[in-house]
Amino acid sequence: EFAVRPERLTPRQAEDLDLIDRYEQHARLVRDEHGWICGVDAGWFRIPRVQTSMLLERGWLSHPPHSNKVWISAAGRMAMARYWHRKQGLNWRLLKGLYLDGALTAAATAHAALAASARTR
């Protein structure tokens, strides 16, 4: 489902996505004994269930089915770019470049994660 008007990140959500971005190689979904998602863990930090569910519901995080690997989606990177752009008070013309950079970074991350997942099977 595509977001026509993406919701704005709260400062907490921006901080959570920034942490996941820094430690994306180690970020994993934590599940309970029934398979329900309990949060994101990367060893250095843990994002609780409610915040994780919000990030997933808004499409800002991606994960392949039947895997605990998680990364920031293209929509999440664009939301981060918009948040950073607004926080810095930059000219609106720069936002297009920030969006493009976010989309390309998300595509490269997803490709690498899926390729690594295919090699381990």
# chains A, B, ... in the order shown; residues from 1 in each chain; ligands from 1
$ residues_around --residues "Pro48 of chain A" --least-positions-apart "5" --cutoff "8 Å" --atoms "only C-alpha atoms" --output "ChimeraX atom specification"
/A:38-40
$ write_last_selection --atoms "all heavy atoms" --output "PDB file, in the first residue's frame"
ATOM      1  N   CYS A  38       8.007  -8.513  18.957  1.00  0.00           N
ATOM      2  CA  CYS A  38       8.126  -7.841  20.257  1.00  0.00           C
ATOM      3  C   CYS A  38       9.008  -6.603  20.201  1.00  0.00           C
ATOM      4  O   CYS A  38       9.076  -5.853  21.164  1.00  0.00           O
ATOM      5  CB  CYS A  38       8.724  -8.780  21.284  1.00  0.00           C
ATOM      6  SG  CYS A  38       7.674 -10.168  21.661  1.00  0.00           S
ATOM      7  N   GLY A  39       9.733  -6.394  19.124  1.00  0.00           N
ATOM      8  CA  GLY A  39      10.602  -5.230  19.027  1.00  0.00           C
ATOM      9  C   GLY A  39      11.739  -5.475  18.062  1.00  0.00           C
ATOM     10  O   GLY A  39      11.792  -6.489  17.369  1.00  0.00           O
ATOM     11  N   VAL A  40      12.644  -4.513  18.025  1.00  0.00           N
ATOM     12  CA  VAL A  40      13.861  -4.608  17.218  1.00  0.00           C
ATOM     13  C   VAL A  40      15.041  -4.604  18.180  1.00  0.00           C
ATOM     14  O   VAL A  40      15.092  -3.799  19.108  1.00  0.00           O
ATOM     15  CB  VAL A  40      13.987  -3.423  16.234  1.00  0.00           C
ATOM     16  CG1 VAL A  40      15.330  -3.439  15.523  1.00  0.00           C
ATOM     17  CG2 VAL A  40      12.862  -3.449  15.211  1.00  0.00           C
TER      18      VAL A  40
END
$ select_by_dssp --residues "chain A" --states "strand (DSSP E or B)" --output "compact mmCIF listing (two decimals) with all heavy atoms, in the first residue's frame"
# COMPACT_ATOMS: atom_id res chain seq x y z
N ARG A 28 17.65 -6.99 14.26
CA ARG A 28 16.82 -8.17 14.11
C ARG A 28 15.48 -7.93 14.80
O ARG A 28 15.41 -7.26 15.82
CB ARG A 28 17.46 -9.39 14.79
CG ARG A 28 18.80 -9.78 14.23
CD ARG A 28 18.63 -10.59 12.96
NE ARG A 28 19.89 -11.06 12.44
CZ ARG A 28 20.56 -10.48 11.46
NH1 ARG A 28 20.10 -9.39 10.91
NH2 ARG A 28 21.68 -10.96 11.00
N LEU A 29 14.43 -8.53 14.24
CA LEU A 29 13.14 -8.51 14.91
C LEU A 29 13.15 -9.53 16.03
O LEU A 29 13.66 -10.64 15.85
CB LEU A 29 12.01 -8.86 13.92
CG LEU A 29 11.71 -7.83 12.85
CD1 LEU A 29 10.68 -8.40 11.88
CD2 LEU A 29 11.19 -6.54 13.46
N VAL A 30 12.62 -9.17 17.16
CA VAL A 30 12.50 -10.09 18.29
C VAL A 30 11.05 -10.55 18.33
O VAL A 30 10.13 -9.75 18.24
CB VAL A 30 12.86 -9.37 19.61
CG1 VAL A 30 12.68 -10.30 20.80
CG2 VAL A 30 14.27 -8.81 19.55
N ARG A 31 10.86 -11.86 18.43
CA ARG A 31 9.51 -12.43 18.45
C ARG A 31 9.29 -13.19 19.76
O ARG A 31 10.23 -13.72 20.33
CB ARG A 31 9.32 -13.37 17.26
CG ARG A 31 9.44 -12.66 15.93
CD ARG A 31 9.31 -13.65 14.77
NE ARG A 31 9.64 -13.03 13.51
CZ ARG A 31 8.74 -12.47 12.71
NH1 ARG A 31 7.48 -12.44 13.05
NH2 ARG A 31 9.13 -11.92 11.57
N ILE A 37 5.75 -10.13 16.84
CA ILE A 37 6.91 -9.24 16.92
C ILE A 37 6.88 -8.47 18.23
O ILE A 37 5.89 -7.85 18.58
CB ILE A 37 6.93 -8.30 15.70
CG1 ILE A 37 7.15 -9.11 14.43
CG2 ILE A 37 8.02 -7.23 15.87
CD1 ILE A 37 7.02 -8.32 13.15
N CYS A 38 8.01 -8.51 18.96
CA CYS A 38 8.13 -7.84 20.26
C CYS A 38 9.01 -6.60 20.20
O CYS A 38 9.08 -5.85 21.16
CB CYS A 38 8.72 -8.78 21.28
SG CYS A 38 7.67 -10.17 21.66
N GLY A 39 9.73 -6.39 19.12
CA GLY A 39 10.60 -5.23 19.03
C GLY A 39 11.74 -5.47 18.06
O GLY A 39 11.79 -6.49 17.37
N VAL A 40 12.64 -4.51 18.02
CA VAL A 40 13.86 -4.61 17.22
C VAL A 40 15.04 -4.60 18.18
O VAL A 40 15.09 -3.80 19.11
CB VAL A 40 13.99 -3.42 16.23
CG1 VAL A 40 15.33 -3.44 15.52
CG2 VAL A 40 12.86 -3.45 15.21
N ASP A 41 15.98 -5.51 17.96
CA ASP A 41 17.16 -5.61 18.81
C ASP A 41 18.40 -5.63 17.92
O ASP A 41 18.41 -6.31 16.90
CB ASP A 41 17.09 -6.89 19.63
CG ASP A 41 18.24 -7.04 20.58
OD1 ASP A 41 18.65 -6.02 21.19
OD2 ASP A 41 18.75 -8.16 20.72
N ARG A 46 17.38 -1.75 22.11
CA ARG A 46 16.17 -2.50 21.80
C ARG A 46 15.02 -1.51 21.70
O ARG A 46 14.79 -0.71 22.60
CB ARG A 46 15.85 -3.53 22.87
CG ARG A 46 14.65 -4.37 22.49
CD ARG A 46 14.62 -5.62 23.26
NE ARG A 46 13.50 -6.44 22.81
CZ ARG A 46 13.21 -7.59 23.33
NH1 ARG A 46 13.93 -8.07 24.31
NH2 ARG A 46 12.19 -8.28 22.87
N ILE A 47 14.30 -1.58 20.58
CA ILE A 47 13.13 -0.73 20.37
C ILE A 47 11.91 -1.54 20.79
O ILE A 47 11.71 -2.65 20.29
CB ILE A 47 13.03 -0.28 18.90
CG1 ILE A 47 14.27 0.54 18.53
CG2 ILE A 47 11.77 0.52 18.66
CD1 ILE A 47 14.38 0.87 17.07
N LEU A 61 9.85 0.31 7.99
CA LEU A 61 10.78 -0.81 8.14
C LEU A 61 10.36 -1.92 7.19
O LEU A 61 9.18 -2.10 6.92
CB LEU A 61 10.77 -1.36 9.57
CG LEU A 61 11.35 -0.48 10.66
CD1 LEU A 61 11.24 -1.20 12.02
CD2 LEU A 61 12.78 -0.11 10.38
N SER A 62 11.34 -2.67 6.71
CA SER A 62 11.08 -3.82 5.83
C SER A 62 11.71 -5.06 6.45
O SER A 62 12.73 -4.97 7.13
CB SER A 62 11.71 -3.60 4.45
OG SER A 62 11.06 -2.58 3.77
N LYS A 69 15.52 -10.59 9.99
CA LYS A 69 16.30 -9.46 9.49
C LYS A 69 15.37 -8.28 9.23
O LYS A 69 14.26 -8.44 8.73
CB LYS A 69 17.02 -9.87 8.19
CG LYS A 69 17.81 -8.79 7.54
CD LYS A 69 19.06 -8.48 8.31
CE LYS A 69 19.87 -7.42 7.60
NZ LYS A 69 20.38 -6.41 8.47
N TRP A 71 15.36 -3.89 8.05
CA TRP A 71 16.09 -2.72 7.58
C TRP A 71 15.11 -1.60 7.29
O TRP A 71 13.91 -1.81 7.25
CB TRP A 71 16.94 -3.04 6.34
CG TRP A 71 16.16 -3.49 5.15
CD1 TRP A 71 15.58 -2.70 4.19
CD2 TRP A 71 15.85 -4.83 4.77
NE1 TRP A 71 14.93 -3.46 3.25
CE2 TRP A 71 15.09 -4.77 3.59
CE3 TRP A 71 16.16 -6.07 5.33
CZ2 TRP A 71 14.63 -5.91 2.96
CZ3 TRP A 71 15.68 -7.20 4.69
CH2 TRP A 71 14.94 -7.11 3.52
N ILE A 72 15.63 -0.41 7.07
CA ILE A 72 14.79 0.76 6.81
C ILE A 72 14.37 0.73 5.35
O ILE A 72 15.20 0.58 4.46
CB ILE A 72 15.54 2.06 7.13
CG1 ILE A 72 15.94 2.07 8.60
CG2 ILE A 72 14.68 3.27 6.81
CD1 ILE A 72 16.87 3.19 8.98
$ closest_residue --among "A:Ala106, A:Ala115, A:Leu98, A:Leu9" --to "Glu24 of chain A" --atoms "only C-alpha atoms"
A:Ala106
$ residues_around --residues "segment 86-95 of chain A" --least-positions-apart "3" --cutoff "12 Å" --atoms "only C-alpha atoms" --output "list in words"
Arg8, Leu9, Thr10, Pro11, Ala14, Arg77, Met78, Ala79, Met80, Ala81, Arg82, Tyr83, Leu98, Tyr99, Leu100, Asp101 and Gly102 of chain A
$ write_last_selection --atoms "N, CA and C atoms" --output "PDB file, in the first residue's frame"
ATOM      1  N   ARG A   8       4.332  12.401   9.204  1.00  0.00           N
ATOM      2  CA  ARG A   8       5.595  12.941   9.696  1.00  0.00           C
ATOM      3  C   ARG A   8       6.128  12.089  10.835  1.00  0.00           C
ATOM      4  N   LEU A   9       7.436  11.985  10.858  1.00  0.00           N
ATOM      5  CA  LEU A   9       8.086  11.270  11.948  1.00  0.00           C
ATOM      6  C   LEU A   9       8.029  12.111  13.216  1.00  0.00           C
ATOM      7  N   THR A  10       7.822  11.460  14.327  1.00  0.00           N
ATOM      8  CA  THR A  10       7.983  12.132  15.608  1.00  0.00           C
ATOM      9  C   THR A  10       9.476  12.109  15.937  1.00  0.00           C
ATOM     10  N   PRO A  11       9.927  12.939  16.859  1.00  0.00           N
ATOM     11  CA  PRO A  11      11.349  12.868  17.237  1.00  0.00           C
ATOM     12  C   PRO A  11      11.762  11.477  17.716  1.00  0.00           C
ATOM     13  N   ALA A  14      12.135   9.207  14.665  1.00  0.00           N
ATOM     14  CA  ALA A  14      13.356   9.575  13.937  1.00  0.00           C
ATOM     15  C   ALA A  14      14.581   9.019  14.660  1.00  0.00           C
ATOM     16  N   ARG A  77      13.355   5.815   4.693  1.00  0.00           N
ATOM     17  CA  ARG A  77      14.478   6.716   4.386  1.00  0.00           C
ATOM     18  C   ARG A  77      13.975   8.065   3.895  1.00  0.00           C
ATOM     19  N   MET A  78      12.881   8.064   3.146  1.00  0.00           N
ATOM     20  CA  MET A  78      12.310   9.330   2.702  1.00  0.00           C
ATOM     21  C   MET A  78      11.723  10.106   3.876  1.00  0.00           C
ATOM     22  N   ALA A  79      11.095   9.404   4.806  1.00  0.00           N
ATOM     23  CA  ALA A  79      10.571  10.070   6.006  1.00  0.00           C
ATOM     24  C   ALA A  79      11.717  10.662   6.827  1.00  0.00           C
ATOM     25  N   MET A  80      12.833   9.919   6.919  1.00  0.00           N
ATOM     26  CA  MET A  80      13.998  10.448   7.628  1.00  0.00           C
ATOM     27  C   MET A  80      14.549  11.690   6.921  1.00  0.00           C
ATOM     28  N   ALA A  81      14.600  11.645   5.582  1.00  0.00           N
ATOM     29  CA  ALA A  81      15.091  12.796   4.814  1.00  0.00           C
ATOM     30  C   ALA A  81      14.199  14.007   5.035  1.00  0.00           C
ATOM     31  N   ARG A  82      12.891  13.777   5.015  1.00  0.00           N
ATOM     32  CA  ARG A  82      11.953  14.885   5.235  1.00  0.00           C
ATOM     33  C   ARG A  82      12.107  15.453   6.641  1.00  0.00           C
ATOM     34  N   TYR A  83      12.265  14.593   7.634  1.00  0.00           N
ATOM     35  CA  TYR A  83      12.447  15.037   9.018  1.00  0.00           C
ATOM     36  C   TYR A  83      13.725  15.866   9.135  1.00  0.00           C
ATOM     37  N   LEU A  98      17.411  14.550  -1.556  1.00  0.00           N
ATOM     38  CA  LEU A  98      17.429  13.737  -0.347  1.00  0.00           C
ATOM     39  C   LEU A  98      16.545  12.505  -0.506  1.00  0.00           C
ATOM     40  N   TYR A  99      15.377  12.674  -1.145  1.00  0.00           N
ATOM     41  CA  TYR A  99      14.487  11.541  -1.402  1.00  0.00           C
ATOM     42  C   TYR A  99      15.155  10.521  -2.319  1.00  0.00           C
ATOM     43  N   LEU A 100      15.799  10.995  -3.366  1.00  0.00           N
ATOM     44  CA  LEU A 100      16.469  10.093  -4.305  1.00  0.00           C
ATOM     45  C   LEU A 100      17.574   9.317  -3.598  1.00  0.00           C
ATOM     46  N   ASP A 101      18.360  10.009  -2.790  1.00  0.00           N
ATOM     47  CA  ASP A 101      19.420   9.349  -2.047  1.00  0.00           C
ATOM     48  C   ASP A 101      18.841   8.301  -1.097  1.00  0.00           C
ATOM     49  N   GLY A 102      17.740   8.638  -0.425  1.00  0.00           N
ATOM     50  CA  GLY A 102      17.095   7.694   0.480  1.00  0.00           C
ATOM     51  C   GLY A 102      16.588   6.462  -0.245  1.00  0.00           C
TER      52      GLY A 102
END
$ select_by_dssp --residues "chain A" --states "helix (DSSP H, G or I)" --output "ChimeraX atom specification"
/A:11-22,49-57,74-88,94-120
$ atom_distance --atom1 "atom CA of Ala107 of chain A" --atom2 "atom CA of Arg22 of chain A"
16.6 Å
$ atom_distance --atom1 "atom CA of Val50 of chain A" --atom2 "atom CA of His111 of chain A"
27.5 Å
$ closest_residue --among "A:Asp32, A:Ala116, A:Thr109, A:Asp16" --to "Phe45 of chain A" --atoms "only C-alpha atoms"
A:Asp16
$ closest_residue --among "A:Gly59, A:Pro65, A:Gly97, A:Gly43" --to "His85 of chain A" --atoms "only C-alpha atoms"
A:Gly97
$ closest_residue --among "A:Trp36, A:Thr105, A:Trp84, A:Arg12" --to "His66 of chain A" --atoms "only C-alpha atoms"
A:Trp36
$ decode --residues "chain A" --atoms "C-alpha atoms" --output "compact mmCIF listing (two decimals), in the first residue's frame"
# COMPACT_ATOMS: atom_id res chain seq x y z
CA GLU A 1 0.00 0.00 0.00
CA PHE A 2 1.50 3.31 -1.07
CA ALA A 3 1.46 6.39 1.14
CA VAL A 4 0.39 9.41 -0.91
CA ARG A 5 0.91 11.82 1.96
CA PRO A 6 3.49 10.28 4.27
CA GLU A 7 2.99 10.90 7.94
CA ARG A 8 5.60 12.94 9.70
CA LEU A 9 8.09 11.27 11.95
CA THR A 10 7.98 12.13 15.61
CA PRO A 11 11.35 12.87 17.24
CA ARG A 12 11.21 9.42 18.91
CA GLN A 13 10.53 7.65 15.61
CA ALA A 14 13.36 9.58 13.94
CA GLU A 15 15.69 8.54 16.77
CA ASP A 16 14.62 4.89 16.44
CA LEU A 17 15.18 4.89 12.68
CA ASP A 18 18.55 6.59 13.16
CA LEU A 19 19.60 3.84 15.59
CA ILE A 20 18.48 1.15 13.17
CA ASP A 21 20.37 2.93 10.38
CA ARG A 22 23.59 2.96 12.42
CA TYR A 23 23.38 -0.71 13.42
CA GLU A 24 21.44 -2.07 10.45
CA GLN A 25 23.81 -5.00 9.96
CA HIS A 26 22.89 -6.33 13.42
CA ALA A 27 19.22 -5.28 13.61
CA ARG A 28 16.82 -8.17 14.11
CA LEU A 29 13.14 -8.51 14.91
CA VAL A 30 12.50 -10.09 18.29
CA ARG A 31 9.51 -12.43 18.45
CA ASP A 32 7.69 -14.04 21.35
CA GLU A 33 6.92 -17.77 21.65
CA HIS A 34 3.82 -17.32 19.43
CA GLY A 35 5.74 -15.58 16.64
CA TRP A 36 4.43 -12.08 17.39
CA ILE A 37 6.91 -9.24 16.92
CA CYS A 38 8.13 -7.84 20.26
CA GLY A 39 10.60 -5.23 19.03
CA VAL A 40 13.86 -4.61 17.22
CA ASP A 41 17.16 -5.61 18.81
CA ALA A 42 20.68 -4.89 17.59
CA GLY A 43 22.63 -5.81 20.68
CA TRP A 44 23.33 -2.21 21.64
CA PHE A 45 19.69 -1.14 21.88
CA ARG A 46 16.17 -2.50 21.80
CA ILE A 47 13.13 -0.73 20.37
CA PRO A 48 9.96 -1.78 22.22
CA ARG A 49 6.95 -3.53 20.68
CA VAL A 50 4.69 -0.48 20.31
CA GLN A 51 7.30 1.68 18.58
CA THR A 52 8.32 -1.23 16.34
CA SER A 53 4.72 -1.92 15.34
CA MET A 54 4.23 1.76 14.42
CA LEU A 55 7.36 1.74 12.26
CA LEU A 56 6.24 -1.46 10.53
CA GLU A 57 2.62 -0.34 10.04
CA ARG A 58 3.71 2.92 8.43
CA GLY A 59 6.01 1.02 6.08
CA TRP A 60 9.19 2.57 7.41
CA LEU A 61 10.78 -0.81 8.14
CA SER A 62 11.08 -3.82 5.83
CA HIS A 63 11.67 -7.48 6.57
CA PRO A 64 11.43 -10.59 4.42
CA PRO A 65 8.84 -13.21 5.39
CA HIS A 66 10.07 -15.99 7.68
CA SER A 67 13.13 -14.00 8.71
CA ASN A 68 14.12 -11.76 11.60
CA LYS A 69 16.30 -9.46 9.49
CA VAL A 70 15.00 -5.87 9.38
CA TRP A 71 16.09 -2.72 7.58
CA ILE A 72 14.79 0.76 6.81
CA SER A 73 12.54 0.83 3.74
CA ALA A 74 12.57 3.44 0.99
CA ALA A 75 9.55 5.11 2.62
CA GLY A 76 11.41 5.14 5.94
CA ARG A 77 14.48 6.72 4.39
CA MET A 78 12.31 9.33 2.70
CA ALA A 79 10.57 10.07 6.01
CA MET A 80 14.00 10.45 7.63
CA ALA A 81 15.09 12.80 4.81
CA ARG A 82 11.95 14.88 5.23
CA TYR A 83 12.45 15.04 9.02
CA TRP A 84 16.11 16.05 8.67
CA HIS A 85 15.25 18.60 5.94
CA ARG A 86 12.57 20.19 8.11
CA LYS A 87 14.79 20.15 11.22
CA GLN A 88 17.68 21.84 9.36
CA GLY A 89 15.41 24.41 7.71
CA LEU A 90 16.82 23.71 4.25
CA ASN A 91 15.46 24.97 0.93
CA TRP A 92 12.60 22.79 -0.33
CA ARG A 93 14.46 22.16 -3.62
CA LEU A 94 17.00 20.00 -1.79
CA LEU A 95 14.31 17.57 -0.66
CA LYS A 96 14.09 15.85 -4.07
CA GLY A 97 17.79 14.96 -3.92
CA LEU A 98 17.43 13.74 -0.35
CA TYR A 99 14.49 11.54 -1.40
CA LEU A 100 16.47 10.09 -4.30
CA ASP A 101 19.42 9.35 -2.05
CA GLY A 102 17.10 7.69 0.48
CA ALA A 103 15.44 5.54 -2.18
CA LEU A 104 18.77 4.42 -3.65
CA THR A 105 20.19 3.62 -0.20
CA ALA A 106 17.10 1.58 0.67
CA ALA A 107 17.31 -0.33 -2.61
CA ALA A 108 20.99 -1.15 -2.06
CA THR A 109 20.32 -2.27 1.53
CA ALA A 110 17.38 -4.46 0.51
CA HIS A 111 19.37 -6.04 -2.32
CA ALA A 112 22.31 -6.82 -0.03
CA ALA A 113 20.05 -8.23 2.71
CA LEU A 114 18.12 -10.45 0.33
CA ALA A 115 21.30 -11.64 -1.39
CA ALA A 116 22.84 -12.53 1.98
CA SER A 117 19.63 -14.33 2.96
CA ALA A 118 19.69 -16.37 -0.27
CA ARG A 119 23.33 -17.40 0.32
CA THR A 120 22.59 -18.74 3.82
CA ARG A 121 19.85 -21.10 2.59
